[in-house]
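Have a look at final-v1.cif below; it lists mmCIF, C-alpha atoms.
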data_run
loop_
_atom_site.label_atom_id
_atom_site.label_comp_id
_atom_site.auth_asym_id
_atom_site.auth_seq_id
_atom_site.Cartn_x
_atom_site.Cartn_y
_atom_site.Cartn_z
CA MET A 1 -160.07 76.01 90.06
CA GLU A 2 -160.66 72.36 89.15
CA ALA A 3 -164.42 72.63 88.48
CA ASN A 4 -166.06 72.97 85.08
CA ARG A 5 -166.45 76.64 84.18
CA TRP A 6 -170.14 76.22 83.34
CA VAL A 7 -170.75 74.70 86.78
CA ILE A 8 -169.00 77.65 88.43
CA ALA A 9 -171.06 80.09 86.36
CA GLY A 10 -174.25 78.20 87.22
CA GLY A 11 -173.49 78.41 90.93
CA ILE A 12 -172.84 82.16 90.73
CA LEU A 13 -176.02 82.72 88.71
CA PHE A 14 -178.12 80.71 91.17
CA ALA A 15 -176.74 82.75 94.08
CA PHE A 16 -177.41 85.95 92.12
CA PHE A 17 -181.02 84.94 91.37
CA LEU A 18 -181.63 83.88 94.96
CA SER A 19 -180.25 87.19 96.25
CA LEU A 20 -182.56 89.18 93.98
CA VAL A 21 -185.58 87.15 95.07
CA ILE A 22 -184.76 87.63 98.74
CA LEU A 23 -184.31 91.37 98.25
CA GLY A 24 -187.60 91.49 96.32
CA VAL A 25 -189.42 89.72 99.14
CA LEU A 26 -187.89 91.98 101.78
CA ASP A 27 -188.53 95.18 99.79
CA PRO A 28 -191.19 97.17 101.66
CA SER A 29 -192.26 98.80 98.39
CA PRO A 30 -193.78 96.20 95.99
CA LEU A 31 -192.32 96.06 92.49
CA GLN A 32 -195.67 96.88 90.87
CA ARG A 33 -195.88 100.13 92.85
CA SER A 34 -192.32 101.08 91.83
CA ILE A 35 -193.07 100.41 88.17
CA ALA A 36 -196.20 102.54 88.34
CA SER A 37 -194.18 105.53 89.54
CA GLU A 38 -190.76 105.36 87.84
CA ASP A 39 -190.34 102.01 86.03
CA PRO A 40 -186.90 100.80 87.30
CA VAL A 41 -187.08 97.72 85.06
CA ASP A 42 -186.65 99.79 81.90
CA THR A 43 -183.73 101.68 83.44
CA VAL A 44 -181.90 98.49 84.46
CA PHE A 45 -182.37 96.60 81.20
CA GLN A 46 -181.47 99.57 79.00
CA GLY A 47 -178.08 99.52 80.70
CA PHE A 48 -177.81 95.77 80.14
CA ILE A 49 -178.16 96.15 76.35
CA GLY A 50 -175.08 98.37 76.07
CA ALA A 51 -173.12 96.28 78.56
CA ILE A 52 -173.80 92.98 76.78
CA ILE A 53 -172.93 94.29 73.31
CA THR A 54 -169.80 96.11 74.54
CA GLY A 55 -168.63 93.20 76.68
CA VAL A 56 -168.98 90.60 73.95
CA THR A 57 -167.27 92.87 71.42
CA LEU A 58 -164.29 93.47 73.72
CA VAL A 59 -163.87 89.78 74.54
CA VAL A 60 -164.03 88.72 70.91
CA THR A 61 -161.55 91.46 69.99
CA LEU A 62 -159.17 90.34 72.73
CA ASN A 63 -159.47 86.78 71.49
CA GLN A 64 -158.58 87.85 67.97
CA LEU A 65 -155.52 89.72 69.22
CA VAL A 66 -154.30 86.63 71.05
CA LEU A 67 -154.94 84.34 68.11
CA SER A 68 -153.30 86.78 65.70
CA GLN A 69 -150.01 85.29 66.91
CA GLU A 70 -150.99 82.17 64.97
CA LEU A 71 -151.20 84.16 61.71
CA GLY A 72 -148.23 85.14 59.62
CA PRO A 73 -146.31 84.60 56.39
CA VAL A 74 -144.90 81.23 55.46
CA GLY A 75 -141.42 82.24 56.65
CA ASP A 76 -142.65 82.85 60.18
CA GLN A 77 -144.59 79.60 60.18
CA ARG A 78 -141.52 77.74 58.99
CA ASN A 79 -139.44 79.22 61.83
CA ARG A 80 -142.11 78.15 64.32
CA MET A 81 -142.03 74.67 62.87
CA LYS A 82 -138.24 74.55 63.05
CA GLY A 83 -138.30 75.73 66.66
CA ALA A 84 -140.84 73.06 67.62
CA LEU A 85 -138.79 70.32 65.93
CA ASP A 86 -135.56 71.50 67.57
CA PHE A 87 -137.32 71.46 70.93
CA ARG A 88 -138.48 67.87 70.37
CA LYS A 89 -134.97 66.79 69.31
CA ASP A 90 -133.53 68.25 72.49
CA ALA A 91 -136.23 66.47 74.49
CA GLU A 92 -135.45 63.15 72.80
CA LYS A 93 -131.77 63.60 73.59
CA LEU A 94 -132.64 64.35 77.21
CA LEU A 95 -135.03 61.40 77.51
CA ASP A 96 -132.69 59.11 75.52
CA VAL A 97 -135.53 57.91 73.28
CA PRO A 98 -135.80 57.78 69.48
CA THR A 99 -139.09 59.71 69.48
CA ALA A 100 -140.59 61.78 72.30
CA PRO A 101 -144.30 61.27 73.11
CA PRO A 102 -146.54 63.56 71.03
CA GLU A 103 -149.31 64.12 73.62
CA PRO A 104 -148.61 66.83 76.22
CA ALA A 105 -149.58 64.60 79.18
CA SER A 106 -147.39 61.71 78.00
CA PHE A 107 -144.52 64.09 77.26
CA MET A 108 -144.63 65.67 80.72
CA GLU A 109 -145.00 62.25 82.34
CA ALA A 110 -141.90 61.01 80.52
CA LEU A 111 -140.04 64.11 81.70
CA MET A 112 -141.16 63.44 85.29
CA ASN A 113 -139.96 59.84 85.08
CA GLU A 114 -136.61 60.91 83.66
CA THR A 115 -136.17 63.47 86.44
CA GLU A 116 -136.97 60.82 89.04
CA ASP A 117 -134.46 58.39 87.49
CA ARG A 118 -131.74 61.02 87.52
CA ALA A 119 -132.50 61.78 91.15
CA GLU A 120 -132.05 58.11 92.04
CA ALA A 121 -128.79 58.08 90.06
CA LEU A 122 -127.61 61.02 92.18
CA ALA A 123 -128.46 59.10 95.37
CA ASP A 124 -126.57 56.03 94.12
CA ALA A 125 -123.54 58.10 93.11
CA VAL A 126 -123.11 59.53 96.60
CA GLU A 127 -123.39 56.19 98.46
CA GLU A 128 -119.61 55.72 98.45
CA SER A 129 -119.00 59.11 100.02
CA ARG A 130 -117.72 59.30 103.59
CA ASP A 131 -119.45 62.64 104.17
CA GLU A 132 -122.55 61.59 106.12
CA GLU A 133 -123.99 65.10 106.13
CA LEU A 134 -123.78 65.22 102.34
CA LYS A 135 -125.42 61.79 102.03
CA ASP A 136 -128.26 62.79 104.35
CA GLU A 137 -128.92 66.02 102.49
CA ILE A 138 -128.93 64.32 99.11
CA ARG A 139 -131.20 61.50 100.34
CA SER A 140 -133.64 64.04 101.76
CA TYR A 141 -133.53 65.97 98.49
CA VAL A 142 -134.02 62.86 96.35
CA ASP A 143 -136.88 61.56 98.49
CA GLY A 144 -138.73 64.87 98.23
CA LEU A 145 -138.17 65.17 94.49
CA SER A 146 -139.15 61.57 93.79
CA GLY A 147 -142.31 61.83 95.86
CA ASN A 148 -143.35 65.03 94.11
CA ALA A 149 -142.55 63.59 90.67
CA GLU A 150 -144.51 60.39 91.36
CA ALA A 151 -147.55 62.37 92.53
CA VAL A 152 -147.48 64.53 89.39
CA SER A 153 -147.02 61.49 87.13
CA GLU A 154 -150.04 59.78 88.68
CA ARG A 155 -152.19 62.85 88.08
CA LEU A 156 -151.00 63.10 84.48
CA GLU A 157 -152.16 59.59 83.57
CA GLY A 158 -155.19 59.73 81.31
CA THR A 159 -155.43 63.53 81.19
CA GLN A 160 -156.27 65.27 77.93
CA PHE A 161 -155.04 68.61 76.68
CA GLY A 162 -157.76 71.25 76.81
CA THR A 163 -158.80 70.28 80.31
CA PHE A 164 -157.41 71.97 83.38
CA ASP A 165 -156.30 68.61 84.79
CA LEU A 166 -153.07 68.64 82.76
CA LEU A 167 -152.04 72.14 83.74
CA SER A 168 -153.11 71.62 87.34
CA ALA A 169 -150.87 68.56 87.63
CA ILE A 170 -147.70 70.15 86.25
CA LEU A 171 -148.24 73.31 88.31
CA ASN A 172 -147.75 71.18 91.42
CA PHE A 173 -144.13 70.38 90.55
CA ASN A 174 -142.02 73.16 92.10
CA TYR A 175 -139.02 72.78 89.80
CA SER A 176 -137.58 76.21 90.68
CA TRP A 177 -137.17 75.22 94.32
CA LYS A 178 -135.59 71.92 93.33
CA ILE A 179 -133.07 73.66 91.06
CA PHE A 180 -132.16 75.96 93.94
CA LEU A 181 -131.69 73.06 96.36
CA ALA A 182 -129.55 71.09 93.91
CA ARG A 183 -127.26 74.06 93.31
CA LYS A 184 -127.15 74.86 97.04
CA ILE A 185 -126.10 71.34 98.03
CA ARG A 186 -123.50 71.11 95.28
CA ASN A 187 -121.97 74.50 96.04
CA GLU A 188 -121.82 73.94 99.80
CA HIS A 189 -120.14 70.53 99.42
CA ALA A 190 -118.09 71.23 96.30
CA ASP A 191 -114.86 70.00 97.89
CA ALA A 192 -116.38 66.64 98.88
CA LEU A 193 -117.98 65.82 95.52
CA THR A 194 -116.52 63.23 93.18
CA ASP A 195 -116.70 63.67 89.43
CA GLU A 196 -119.51 61.12 89.31
CA VAL A 197 -121.61 62.99 91.86
CA ASP A 198 -120.91 66.34 90.19
CA GLU A 199 -122.01 64.90 86.84
CA ALA A 200 -125.18 63.50 88.46
CA PHE A 201 -125.98 66.99 89.75
CA ASP A 202 -125.52 68.38 86.23
CA ASP A 203 -127.89 65.75 84.86
CA ILE A 204 -130.65 66.43 87.33
CA ILE A 205 -130.38 70.21 86.96
CA GLU A 206 -130.52 69.82 83.17
CA SER A 207 -133.72 67.79 83.49
CA LEU A 208 -135.30 70.32 85.86
CA GLU A 209 -134.33 73.23 83.62
CA PHE A 210 -136.06 71.51 80.72
CA PHE A 211 -139.28 71.30 82.73
CA GLY A 212 -139.66 75.12 82.89
CA PRO A 213 -140.00 75.97 79.18
CA SER A 214 -142.03 72.79 78.61
CA ARG A 215 -144.59 73.85 81.20
CA GLU A 216 -144.68 77.43 79.90
CA HIS A 217 -145.28 76.18 76.36
CA PHE A 218 -148.27 74.07 77.37
CA LYS A 219 -149.56 76.85 79.62
CA THR A 220 -149.52 79.27 76.66
CA LEU A 221 -151.38 76.80 74.47
CA TYR A 222 -153.91 76.23 77.27
CA PHE A 223 -154.54 79.98 77.62
CA GLN A 224 -155.22 80.25 73.90
CA TRP A 225 -157.53 77.24 74.10
CA GLU A 226 -159.45 78.75 77.03
CA LEU A 227 -159.78 82.15 75.36
CA VAL A 228 -161.35 80.48 72.31
CA ASN A 229 -163.76 78.63 74.60
CA LEU A 230 -164.54 81.88 76.40
CA SER A 231 -165.32 83.70 73.15
CA ARG A 232 -167.61 80.92 72.00
CA ALA A 233 -169.40 80.82 75.35
CA MET A 234 -169.88 84.59 75.30
CA LEU A 235 -171.34 84.45 71.81
CA TYR A 236 -173.66 81.55 72.70
CA THR A 237 -175.04 83.32 75.77
CA ALA A 238 -175.16 86.89 74.41
CA ILE A 239 -178.08 86.29 72.03
CA PRO A 240 -180.49 84.84 74.66
CA ALA A 241 -179.41 87.57 77.07
CA LEU A 242 -180.13 90.28 74.50
CA VAL A 243 -183.52 88.75 73.59
CA VAL A 244 -184.61 88.68 77.23
CA THR A 245 -183.27 92.18 77.85
CA VAL A 246 -185.09 93.70 74.87
CA ALA A 247 -188.27 91.79 75.70
CA MET A 248 -188.24 93.14 79.25
CA ILE A 249 -188.04 96.69 77.92
CA LEU A 250 -190.66 96.33 75.20
CA TYR A 251 -193.18 93.94 76.64
CA TYR A 252 -192.81 93.48 80.38
CA ASP A 253 -195.49 94.85 82.66
CA ALA A 254 -195.38 93.77 86.27
CA ARG A 255 -199.11 94.39 86.62
CA ALA A 256 -199.74 91.73 83.99
CA VAL A 257 -197.99 89.08 86.13
CA PRO A 258 -200.32 88.68 89.10
CA GLY A 259 -200.33 85.94 91.70
CA TYR A 260 -197.78 84.17 93.87
CA THR A 261 -195.54 81.11 93.60
CA PHE A 262 -194.40 79.60 96.91
CA THR A 263 -195.61 82.81 98.59
CA ILE A 264 -193.31 84.90 96.37
CA SER A 265 -194.84 87.47 94.03
CA ASN A 266 -194.61 86.35 90.40
CA ASP A 267 -193.48 89.79 89.22
CA VAL A 268 -190.45 89.51 91.52
CA LEU A 269 -189.63 86.05 90.19
CA VAL A 270 -189.93 87.13 86.54
CA ALA A 271 -187.83 90.27 87.01
CA SER A 272 -185.18 88.35 88.98
CA LEU A 273 -184.99 85.56 86.40
CA ALA A 274 -184.73 88.01 83.50
CA THR A 275 -181.98 89.95 85.28
CA THR A 276 -180.09 86.72 85.96
CA ILE A 277 -180.27 85.72 82.27
CA ALA A 278 -179.03 89.18 81.28
CA VAL A 279 -175.85 88.82 83.36
CA VAL A 280 -175.00 85.33 82.07
CA PRO A 281 -172.30 86.57 79.60
CA PHE A 282 -170.62 88.56 82.36
CA VAL A 283 -170.65 85.61 84.77
CA ILE A 284 -169.21 83.31 82.07
CA LEU A 285 -166.44 85.87 81.55
CA LEU A 286 -165.84 86.02 85.30
CA SER A 287 -165.60 82.23 85.70
CA TYR A 288 -163.05 81.84 82.87
CA ILE A 289 -160.90 84.87 83.67
CA LEU A 290 -160.75 83.90 87.35
CA ARG A 291 -158.87 80.69 86.53
CA ILE A 292 -156.72 82.18 83.76
CA ALA A 293 -155.65 85.09 85.98
CA THR A 294 -154.92 82.80 88.93
CA VAL A 295 -152.70 80.52 86.84
CA ALA A 296 -150.95 83.52 85.27
CA LYS A 297 -150.18 84.99 88.71
CA ARG A 298 -148.90 81.65 89.99
CA THR A 299 -146.50 81.24 87.04
CA LEU A 300 -145.22 84.79 86.52
CA SER A 301 -141.60 83.75 87.00
CA ILE A 302 -139.77 81.09 85.03
CA GLY A 303 -136.48 79.78 86.37
CA PRO A 304 -134.77 80.16 89.73
CA PHE A 305 -136.93 82.91 91.24
CA ILE A 306 -139.70 81.86 93.65
CA LEU A 307 -142.44 84.47 94.07
CA ARG A 308 -144.82 82.61 96.40
CA GLU A 309 -144.94 80.02 99.15
CA THR A 310 -144.87 76.44 97.86
CA GLY A 311 -144.98 72.99 99.41
CA ARG A 312 -141.39 72.05 100.16
CA SER A 313 -141.32 68.47 101.33
CA ASP A 314 -137.66 68.30 100.34
CA GLU A 315 -136.61 71.39 102.31
CA LEU A 316 -133.33 70.99 104.11
CA GLU A 317 -132.72 71.80 107.73
#
Output the file's structure in the form of structure tokens.
Amino acid sequence: MEANRWVIAGGILFAFFLSLVILGVLDPSPLQRSIASEDPVDTVFQGFIGAIITGVTLVVTLNQLVLSQELGPVGDQRNRMKGALDFRKDAEKLLDVPTAPPEPASFMEALMNETEDRAEALADAVEESRDEELKDEIRSYVDGLSGNAEAVSERLEGTQFGTFDLLSAILNFNYSWKIFLARKIRNEHADALTDEVDEAFDDIIESLEFFGPSREHFKTLYFQWELVNLSRAMLYTAIPALVVTVAMILYYDARAVPGYTFTISNDVLVASLATTIAVVPFVILLSYILRIATVAKRTLSIGPFILRETGRSDELE
């Protein structure tokens, strides 16, 4: 998940090439003999031509559908602008700052710090309480939240939007679970709470609730960013793949590639390498979609519902 997509694709392609070479070496019927009788190379690469053209067309079309959300009349663009400005004003009110940070990493880091400060304020507000069980539960809750927030803030330092580092960091803050715990503690000890403690709970829940739409907004922008990168990568790799595929159909003759390299027949190496180049666009698509789909599955729900197991260092007994 954290690795560069080109590195992931390179690893898959290397494994694919190595597998073809091993199968070619183990094949009891030499490739030259197979070509002389039925020519499997032409059959394979004819299928690649249609697959490459169709695959690239579909990906580019999908990308255009996603990016079409960015297009619209001036009225729609003005409403988007107004919504973004209203969101920033609400954030500035929450953070108690004249201007919220413009960079996504700095913005989320400021939100983490504010959440941590409000958690400490909750712990301070309950110190005068005589309910030891309530104090223990809140201290356990605050310690878990603060530790998680500090870890996320450290990972956010120096990250740039467009890299997976930003999204990876904020995905590790399980705000839904923390909202549930805050509401659970407050509801179970409602009779023992002072107005100050109750207000501190409201503050921390407000901060956590603000984290959800903020994360979803940056996740949406990241998906659009990645889909653009995917389309560009598919276009860059489709042309070389098509050239090699067509060349293998028109010009390749296994009998014209005699000899051995490292005890491996050269015709096997050439056919395996050409096949590997032909599947590059598909492997690029696989490496990008794997991460996008994984993130989408992990963040299907926004708000109080928890659909998967998460690390819960602040879980109560």
Evaluate the PyMOL selection byres ((chain A and resi 227) around 12) on the structure here and hand back the selected residues as a ChimeraX atom specification. /A:59-67,162,220-226,228-234,284-285,287-289,291-293
Counting all atoms listed in the file, I want the residues whose atoms come within 8 Å of (-133.7, 75.5, 84.8) in the file frame, returned as a PyMOL selection string. chain A and resi 175-176+179+205-212+303-304
So, counting only C-alpha atoms, which residue among A:Asn266, A:Asn187, A:Ser129, A:Thr294 is closest to Val25 (chain A)?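 Answer, going by the shortest atom-to-atom distance: A:Asn266.
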Suppose you want the space between CA of Arg215 (chain A) and CA of Thr299 (chain A); what is it in Å?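 Computing the Euclidean distance for CA of Arg215 (chain A) and CA of Thr299 (chain A) yields 9.6 Å.
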As an exercise, work out the distance from CA of Asp143 (chain A) to CA of Asp165 (chain A) in Å and give it to one decimal place.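 Spanning CA of Asp143 (chain A) to CA of Asp165 (chain A) is a straight-line distance of 24.8 Å.
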By how many Å are CA of Leu13 (chain A) and CA of Thr54 (chain A) apart? 20.5 Å
List the neighbours of Val257 (chain A) out to 10 Å using all atoms listed in the file; skip same-chain residues closer than 6 positions along the sequence, and give me the result as a list in words. Gln32, Ser265, Asn266, Asp267, Val268, Leu269 and Val270 of chain A
What would the selection look like, as a list of chain:residue names, if the PyMOL selection byres ((chain A and resi 154) around 12) were run on the coordinates I just shared?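 Given this file, the PyMOL selection byres ((chain A and resi 154) around 12) evaluates to A:Ala105, A:Ser106, A:Met108, A:Glu109, A:Ala110, A:Met112, A:Asn113, A:Gly147, A:Asn148, A:Ala149, A:Glu150, A:Ala151, A:Val152, A:Ser153, A:Arg155, A:Leu156, A:Glu157, A:Gly158, A:Thr159, A:Asp165, A:Leu166, A:Ala169, A:Ile170, A:Asn172.
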Mind telling me what the PyMOL selection byres ((chain A and resi 92-98) around 10) catches here, as number ranges by chain? A: 86-91, 99-101, 107, 110-111, 113-115, 203, 206-207, 210
Using the file's own x, y and z axes, so that the box edges lie along x, y and z, what centre and edge lengths in Å (one decimal) does a box around every listed atom of region 257-271 of chain A get when 5 Å is added on each side? Give it as lines of an AutoDock Vina configuration file.
center_x = -194.1
center_y = 84.9
center_z = 92.4
size_x = 22.5
size_y = 20.7
size_z = 22.5
My list of candidates is A:Leu58, A:Ala125, A:Leu181, A:Ile302. Which is closest to Ser140 (chain A) when distances are computed with only C-alpha atoms?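 For Ser140 (chain A), the nearest of the given residues is A:Leu181.
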Can you pull out every residue within 9 Å of Val279 (chain A), counting all atoms listed in the file, but drop anything in the same chain fewer than 2 positions away, and send it as a ChimeraX atom specification? /A:13,48,52,241,274-277,281-284
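In this comparison, which uses only C-alpha atoms, the residue of A:Val21, A:Ile8, A:Leu145, A:Val280 approaching Leu235 (chain A) most closely is A:Val280.
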